[in-house]
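coords22.pdb follows; it contains PDB, C-alpha atoms and all ligand atoms.
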```pdb
ATOM      1  CA  MET A  49     -18.483  29.320   8.587
ATOM      2  CA  GLU A  50     -15.612  27.260   9.812
ATOM      3  CA  LYS A  51     -12.274  26.564   8.269
ATOM      4  CA  VAL A  52     -11.304  22.950   8.820
ATOM      5  CA  VAL A  53      -7.636  22.011   8.810
ATOM      6  CA  HIS A  54      -6.592  18.439   8.242
ATOM      7  CA  LEU A  55      -3.131  17.649   9.541
ATOM      8  CA  PHE A  56      -1.038  14.883   8.110
ATOM      9  CA  SER A  57       2.344  13.735   9.280
ATOM     10  CA  PHE A  58       4.619  10.830   8.516
ATOM     11  CA  VAL A  59       8.136   9.719   9.324
ATOM     12  CA  LYS A  60      10.915   9.905   6.777
ATOM     13  CA  TYR A  61      13.918   7.565   7.096
ATOM     14  CA  ASP A  62      17.241   7.852   5.262
ATOM     15  CA  GLY A  63      17.013   4.264   4.057
ATOM     16  CA  ILE A  64      15.836   0.731   4.758
ATOM     17  CA  ASP A  65      18.620   0.165   7.307
ATOM     18  CA  SER A  66      17.119   2.808   9.626
ATOM     19  CA  LEU A  67      13.799   0.927   9.897
ATOM     20  CA  ASN A  68      12.856  -1.380  12.759
ATOM     21  CA  PRO A  69      13.423  -5.063  11.907
ATOM     22  CA  ARG A  70       9.752  -5.770  11.100
ATOM     23  CA  ASP A  71       9.330  -2.843   8.681
ATOM     24  CA  ASN A  72      12.745  -3.588   7.195
ATOM     25  CA  ALA A  73      11.749  -7.202   6.460
ATOM     26  CA  LEU A  74       8.420  -6.128   4.978
ATOM     27  CA  LEU A  75      10.002  -3.587   2.643
ATOM     28  CA  GLN A  76      12.514  -6.210   1.542
ATOM     29  CA  GLN A  77       9.585  -8.467   0.644
ATOM     30  CA  ALA A  78       7.929  -5.639  -1.301
ATOM     31  CA  ARG A  79      11.148  -5.105  -3.250
ATOM     32  CA  LYS A  80      11.229  -8.828  -4.008
ATOM     33  CA  ALA A  81       7.574  -8.735  -5.029
ATOM     34  CA  THR A  82       8.381  -6.309  -7.863
ATOM     35  CA  SER A  83       9.495  -9.465  -9.702
ATOM     36  CA  LEU A  84       5.855 -10.688  -9.539
ATOM     37  CA  ALA A  85       4.694  -7.784 -11.684
ATOM     38  CA  TYR A  86       3.348  -8.275 -15.180
ATOM     39  CA  ALA A  87       3.934  -4.807 -16.552
ATOM     40  CA  PRO A  88       4.875  -5.036 -20.238
ATOM     41  CA  TYR A  89       3.143  -1.731 -21.043
ATOM     42  CA  SER A  90       4.322   0.667 -18.345
ATOM     43  CA  LYS A  91       7.522  -1.238 -17.471
ATOM     44  CA  PHE A  92       6.810   0.060 -13.956
ATOM     45  CA  HIS A  93       7.066  -3.026 -11.760
ATOM     46  CA  VAL A  94       5.322  -2.522  -8.423
ATOM     47  CA  GLY A  95       5.519  -4.897  -5.456
ATOM     48  CA  ALA A  96       3.333  -4.940  -2.364
ATOM     49  CA  ALA A  97       3.850  -7.001   0.794
ATOM     50  CA  LEU A  98       1.184  -7.297   3.467
ATOM     51  CA  GLN A  99       2.015  -8.244   7.054
ATOM     52  CA  LEU A 100      -0.818 -10.353   8.470
ATOM     53  CA  SER A 101      -1.751 -10.843  12.114
ATOM     54  CA  ASN A 102      -0.895 -14.562  11.848
ATOM     55  CA  GLY A 103       2.713 -13.693  10.950
ATOM     56  CA  ILE A 104       2.379 -14.526   7.262
ATOM     57  CA  ILE A 105       3.450 -12.035   4.587
ATOM     58  CA  VAL A 106       1.330 -11.952   1.411
ATOM     59  CA  SER A 107       2.852 -10.398  -1.710
ATOM     60  CA  GLY A 108       1.528  -9.160  -5.028
ATOM     61  CA  GLY A 109       2.726  -7.415  -8.165
ATOM     62  CA  ASN A 110       0.807  -5.186 -10.571
ATOM     63  CA  GLN A 111      -0.936  -7.064 -13.392
ATOM     64  CA  GLU A 112      -1.421  -5.106 -16.606
ATOM     65  CA  ASN A 113      -3.585  -5.818 -19.632
ATOM     66  CA  ALA A 114      -3.639  -4.799 -23.294
ATOM     67  CA  SER A 115      -6.970  -3.235 -22.391
ATOM     68  CA  PHE A 116      -5.338  -0.795 -19.979
ATOM     69  CA  PRO A 117      -8.266  -0.232 -17.556
ATOM     70  CA  ALA A 118      -8.348  -3.983 -16.866
ATOM     71  CA  GLY A 119      -4.971  -3.719 -15.136
ATOM     72  CA  LEU A 120      -4.609  -4.118 -11.378
ATOM     73  CA  CYS A 121      -2.240  -2.387  -8.981
ATOM     74  CA  ALA A 122       0.074  -4.493  -6.809
ATOM     75  CA  GLU A 123      -1.662  -3.312  -3.627
ATOM     76  CA  ARG A 124      -5.089  -4.539  -4.737
ATOM     77  CA  VAL A 125      -3.697  -7.815  -6.059
ATOM     78  CA  ALA A 126      -2.244  -8.487  -2.601
ATOM     79  CA  LEU A 127      -5.403  -7.291  -0.790
ATOM     80  CA  ALA A 128      -7.583  -9.619  -2.878
ATOM     81  CA  THR A 129      -5.258 -12.509  -2.074
ATOM     82  CA  VAL A 130      -5.676 -11.868   1.650
ATOM     83  CA  SER A 131      -9.488 -11.694   1.306
ATOM     84  CA  SER A 132      -9.510 -15.011  -0.516
ATOM     85  CA  GLN A 133      -6.816 -16.957   1.319
ATOM     86  CA  TYR A 134      -6.756 -15.512   4.864
ATOM     87  CA  PRO A 135     -10.172 -13.887   5.380
ATOM     88  CA  GLU A 136      -9.923 -14.266   9.150
ATOM     89  CA  CYS A 137      -6.638 -12.316   9.416
ATOM     90  CA  LYS A 138      -6.049  -8.664  10.087
ATOM     91  CA  ILE A 139      -3.616  -6.709   7.922
ATOM     92  CA  GLU A 140      -1.136  -4.911  10.163
ATOM     93  CA  ALA A 141       1.050  -3.207   7.563
ATOM     94  CA  ILE A 142       1.675  -2.894   3.849
ATOM     95  CA  ALA A 143       5.008  -2.139   2.210
ATOM     96  CA  VAL A 144       5.088  -0.901  -1.376
ATOM     97  CA  SER A 145       8.115  -0.729  -3.646
ATOM     98  CA  TYR A 146       8.706  -0.471  -7.377
ATOM     99  CA  ASN A 147      11.309  -1.148 -10.013
ATOM    100  CA  ASN A 148      11.015   1.322 -12.857
ATOM    101  CA  LYS A 149      12.606  -0.409 -15.847
ATOM    102  CA  THR A 150      12.801   2.857 -17.782
ATOM    103  CA  GLY A 151      13.955   5.186 -15.011
ATOM    104  CA  ALA A 152      15.028   5.551 -11.418
ATOM    105  CA  SER A 153      13.549   3.639  -8.462
ATOM    106  CA  GLU A 154      15.188   5.458  -5.592
ATOM    107  CA  ARG A 155      12.426   7.411  -3.913
ATOM    108  CA  PRO A 156       9.092   6.322  -2.410
ATOM    109  CA  VAL A 157       5.855   6.338  -4.389
ATOM    110  CA  SER A 158       2.524   6.193  -2.636
ATOM    111  CA  PRO A 159      -0.622   4.210  -3.496
ATOM    112  CA  CYS A 160      -2.913   5.545  -6.238
ATOM    113  CA  GLY A 161      -6.378   6.869  -5.429
ATOM    114  CA  ILE A 162      -8.222   3.602  -6.017
ATOM    115  CA  CYS A 163      -5.776   1.724  -3.791
ATOM    116  CA  ARG A 164      -6.194   4.359  -1.076
ATOM    117  CA  GLN A 165      -9.943   3.758  -1.229
ATOM    118  CA  SER A 166      -9.412  -0.022  -1.016
ATOM    119  CA  LEU A 167      -7.044   0.305   1.931
ATOM    120  CA  ALA A 168      -9.503   2.615   3.713
ATOM    121  CA  GLU A 169     -12.242  -0.020   3.258
ATOM    122  CA  TRP A 170      -9.977  -2.643   4.816
ATOM    123  CA  GLU A 171      -9.188  -0.495   7.816
ATOM    124  CA  GLN A 172     -12.908   0.047   8.360
ATOM    125  CA  LYS A 173     -13.858  -3.587   8.074
ATOM    126  CA  GLN A 174     -11.077  -4.923  10.299
ATOM    127  CA  HIS A 175     -11.227  -2.089  12.894
ATOM    128  CA  PHE A 176      -7.457  -1.934  12.837
ATOM    129  CA  LEU A 177      -5.082   0.582  11.287
ATOM    130  CA  ILE A 178      -2.826  -0.469   8.424
ATOM    131  CA  LYS A 179       0.657   1.009   8.553
ATOM    132  CA  LEU A 180       2.258   1.993   5.244
ATOM    133  CA  VAL A 181       5.969   1.513   4.515
ATOM    134  CA  LEU A 182       6.893   3.141   1.206
ATOM    135  CA  GLY A 183      10.241   2.965  -0.534
ATOM    136  CA  GLY A 184      11.889   2.358  -3.884
ATOM    137  CA  MET A 185      14.629  -0.177  -4.546
ATOM    138  CA  SER A 186      16.925   2.157  -2.609
ATOM    139  CA  GLY A 187      16.783   5.575  -0.964
ATOM    140  CA  GLU A 188      14.451   7.239   1.541
ATOM    141  CA  VAL A 189      11.561   5.410   3.154
ATOM    142  CA  TYR A 190       8.276   6.914   4.360
ATOM    143  CA  VAL A 191       6.339   5.328   7.218
ATOM    144  CA  ILE A 192       2.703   6.405   7.623
ATOM    145  CA  GLU A 193       0.781   5.130  10.652
ATOM    146  CA  SER A 194      -2.568   4.618   8.925
ATOM    147  CA  ALA A 195      -3.518   4.142   5.274
ATOM    148  CA  SER A 196      -6.630   6.283   5.789
ATOM    149  CA  LEU A 197      -4.449   9.314   6.491
ATOM    150  CA  LEU A 198      -3.864   9.379   2.726
ATOM    151  CA  LEU A 199      -7.579   9.765   2.039
ATOM    152  CA  PRO A 200      -9.157  12.596   4.020
ATOM    153  CA  LEU A 201     -12.971  12.773   3.849
ATOM    154  CA  ALA A 202     -13.079   9.254   2.417
ATOM    155  CA  PHE A 203     -16.398   7.872   1.236
ATOM    156  CA  THR A 204     -17.205   4.918   3.475
ATOM    157  CA  ALA A 205     -19.991   2.472   4.313
ATOM    158  CA  GLY A 206     -21.258   4.870   6.991
ATOM    159  CA  ASP A 207     -22.122   7.438   4.309
ATOM    160  CA  MET A 208     -24.735   5.068   2.867
ATOM    161  CA  LYS A 209     -26.624   4.555   6.128
ATOM    162  CA  LYS A 210     -30.136   5.963   6.151
ATOM    163  CA  GLY A 211     -30.770   9.033   8.263
ATOM    164  CA  GLY A 212     -27.174  10.277   8.075
TER     165      GLY A 212
HETATM  166  N1  LIG B 301       0.672   0.894  -9.922
HETATM  167  C1  LIG B 301       0.596   0.075  -8.824
HETATM  168  O1  LIG B 301       0.681  -1.153  -8.935
HETATM  169  N2  LIG B 301       0.412   0.664  -7.618
HETATM  170  C2  LIG B 301       0.314   2.002  -7.411
HETATM  171  O2  LIG B 301       0.067   2.442  -6.298
HETATM  172  C3  LIG B 301       0.562   2.930  -8.510
HETATM  173  C4  LIG B 301       0.564   2.325  -9.866
HETATM  174  C5  LIG B 301       0.864   0.270 -11.229
HETATM  175  C6  LIG B 301      -0.326   0.369 -12.138
HETATM  176  C7  LIG B 301       0.337   0.228 -13.489
HETATM  177  O3  LIG B 301       0.460  -1.161 -13.781
HETATM  178  C8  LIG B 301       1.716   0.825 -13.299
HETATM  179  O4  LIG B 301       1.929   0.875 -11.903
HETATM  180  C9  LIG B 301       1.890   2.194 -13.885
HETATM  181  O5  LIG B 301       0.875   3.042 -13.467
END
```
Is it possible to express this structure as structure tokens?
Amino acid sequence: MEKVVHLFSFVKYDGIDSLNPRDNALLQQARKATSLAYAPYSKFHVGAALQLSNGIIVSGGNQENASFPAGLCAERVALATVSSQYPECKIEAIAVSYNNKTGASERPVSPCGICRQSLAEWEQKQHFLIKLVLGGMSGEVYVIESASLLLPLAFTAGDMKKGG
């Protein structure tokens, strides 16, 4: 019997102004990207901005649907755009922000479970860690060095290989 401990740490900043210039610019783009959301049902407008290895930033907003499960999170909208438009590029970082039209938007939220799984897949396929920069429209910002840190014991391609 062995008890396994999984440690997780991240860095908390007082606000966007404390970030390095690159993370600051990316979070600003994520805040802007909240205007790309189509969220008439939740009124929770999420924006994601992905920093690519070629210097380009790709943005996305959540896209909802009257059939709720058909909706897409901002993170996966942006990830799909990168796959389709810049398949040769690595993703270096993702910033996520949100504008809650029915409440406050002043503390970070972190990607949902499905988005964590999608980000983990990307890290695996590109052999490069994706940094997360999480913040609302104002307030504290969390910086996490690798998206996979949010998904311990993730199910990955390696789990499907024959012979374990
Ligand atoms: N949402 C995102 O876009 N990203 C997340 O990480 C969490 C949730 C969206 C999905 C839905 O359109 C709305 O926020 C409320 O859940």
What are the nearest atom pairs, with distances in Å to one decimal, for all residues of chain A that come at most 8 Å from ligand LIG 301 (chain B), using all atoms listed in the file, set out by chain and rising residue number as JSON lines?
```
{"residue": "A:Tyr86", "atom": "CA", "partner": "B:LIG301", "partner_atom": "O3", "distance": 7.8}
{"residue": "A:Ala87", "atom": "CA", "partner": "B:LIG301", "partner_atom": "O3", "distance": 5.7}
{"residue": "A:Tyr89", "atom": "CA", "partner": "B:LIG301", "partner_atom": "O3", "distance": 7.8}
{"residue": "A:Ser90", "atom": "CA", "partner": "B:LIG301", "partner_atom": "C9", "distance": 5.3}
{"residue": "A:Lys91", "atom": "CA", "partner": "B:LIG301", "partner_atom": "C8", "distance": 7.4}
{"residue": "A:Phe92", "atom": "CA", "partner": "B:LIG301", "partner_atom": "C8", "distance": 5.2}
{"residue": "A:His93", "atom": "CA", "partner": "B:LIG301", "partner_atom": "O4", "distance": 6.5}
{"residue": "A:Val94", "atom": "CA", "partner": "B:LIG301", "partner_atom": "O1", "distance": 4.9}
{"residue": "A:Gly95", "atom": "CA", "partner": "B:LIG301", "partner_atom": "O1", "distance": 7.0}
{"residue": "A:Gly109", "atom": "CA", "partner": "B:LIG301", "partner_atom": "O1", "distance": 6.6}
{"residue": "A:Asn110", "atom": "CA", "partner": "B:LIG301", "partner_atom": "O1", "distance": 4.4}
{"residue": "A:Gln111", "atom": "CA", "partner": "B:LIG301", "partner_atom": "O3", "distance": 6.1}
{"residue": "A:Glu112", "atom": "CA", "partner": "B:LIG301", "partner_atom": "O3", "distance": 5.2}
{"residue": "A:Gly119", "atom": "CA", "partner": "B:LIG301", "partner_atom": "O3", "distance": 6.2}
{"residue": "A:Leu120", "atom": "CA", "partner": "B:LIG301", "partner_atom": "C6", "distance": 6.2}
{"residue": "A:Cys121", "atom": "CA", "partner": "B:LIG301", "partner_atom": "O1", "distance": 3.2}
{"residue": "A:Ala122", "atom": "CA", "partner": "B:LIG301", "partner_atom": "O1", "distance": 4.0}
{"residue": "A:Glu123", "atom": "CA", "partner": "B:LIG301", "partner_atom": "N2", "distance": 6.0}
{"residue": "A:Arg124", "atom": "CA", "partner": "B:LIG301", "partner_atom": "O1", "distance": 7.9}
{"residue": "A:Val144", "atom": "CA", "partner": "B:LIG301", "partner_atom": "O2", "distance": 7.8}
{"residue": "A:Val157", "atom": "CA", "partner": "B:LIG301", "partner_atom": "O2", "distance": 7.2}
{"residue": "A:Ser158", "atom": "CA", "partner": "B:LIG301", "partner_atom": "O2", "distance": 5.8}
{"residue": "A:Pro159", "atom": "CA", "partner": "B:LIG301", "partner_atom": "O2", "distance": 3.4}
{"residue": "A:Cys160", "atom": "CA", "partner": "B:LIG301", "partner_atom": "O2", "distance": 4.3}
{"residue": "A:Gly161", "atom": "CA", "partner": "B:LIG301", "partner_atom": "O2", "distance": 7.9}
{"residue": "A:Cys163", "atom": "CA", "partner": "B:LIG301", "partner_atom": "O2", "distance": 6.4}
```
- Identify which of the residues A:Phe116, A:Gly63, A:Ser107, A:Ala168 lies closest to Ser83 (chain A), counting all atoms listed in the file when measuring atom-to-atom distances.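 Of all the options, A:Ser107 lies closest to Ser83 (chain A).
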- Could you expand the PyMOL selection byres (((chain A and resi 178) around 12) and not hetatm) into the explicit residues it covers here, written as JSON, numbers by chain? {"A": [98, 99, 100, 101, 127, 138, 139, 140, 141, 142, 143, 164, 166, 167, 168, 169, 170, 171, 172, 173, 174, 175, 176, 177, 179, 180, 181, 191, 192, 193, 194, 195, 196, 197, 198]}
- Task: Would you list the residues near (17.2, -3.2, 4.7), meaning any protein, DNA or RNA residue with an atom at most 12 Å from that point in file coordinates, counting only C-alpha atoms, as number ranges by chain?
- Result: A: 61-80, 183-189
- Task: Counting only C-alpha atoms, figure out which residue out of A:Val125, A:Ala81, A:Ala118, A:Leu55 gets nearest to Asn147 (chain A).
- Result: A:Ala81
- Query: By how many Å are CA of Ala126 (chain A) and CA of Lys209 (chain A) apart?
  - Reply: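 Interatomic distance, CA of Ala126 (chain A) to CA of Lys209 (chain A): 29.0 Å.
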Report as JSON the centre and the edge lengths, in Å to one decimal, of the axis-aligned box holding every listed atom of region 175-190 of chain A, padded by 6 Å on each side.
```
{"center_x": 2.8, "center_y": 2.6, "center_z": 4.2, "size_x": 40.2, "size_y": 21.3, "size_z": 29.4}
```
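Relative to CA of Leu182 (chain A), CA of Ser57 (chain A) is found at 14.1 Å.
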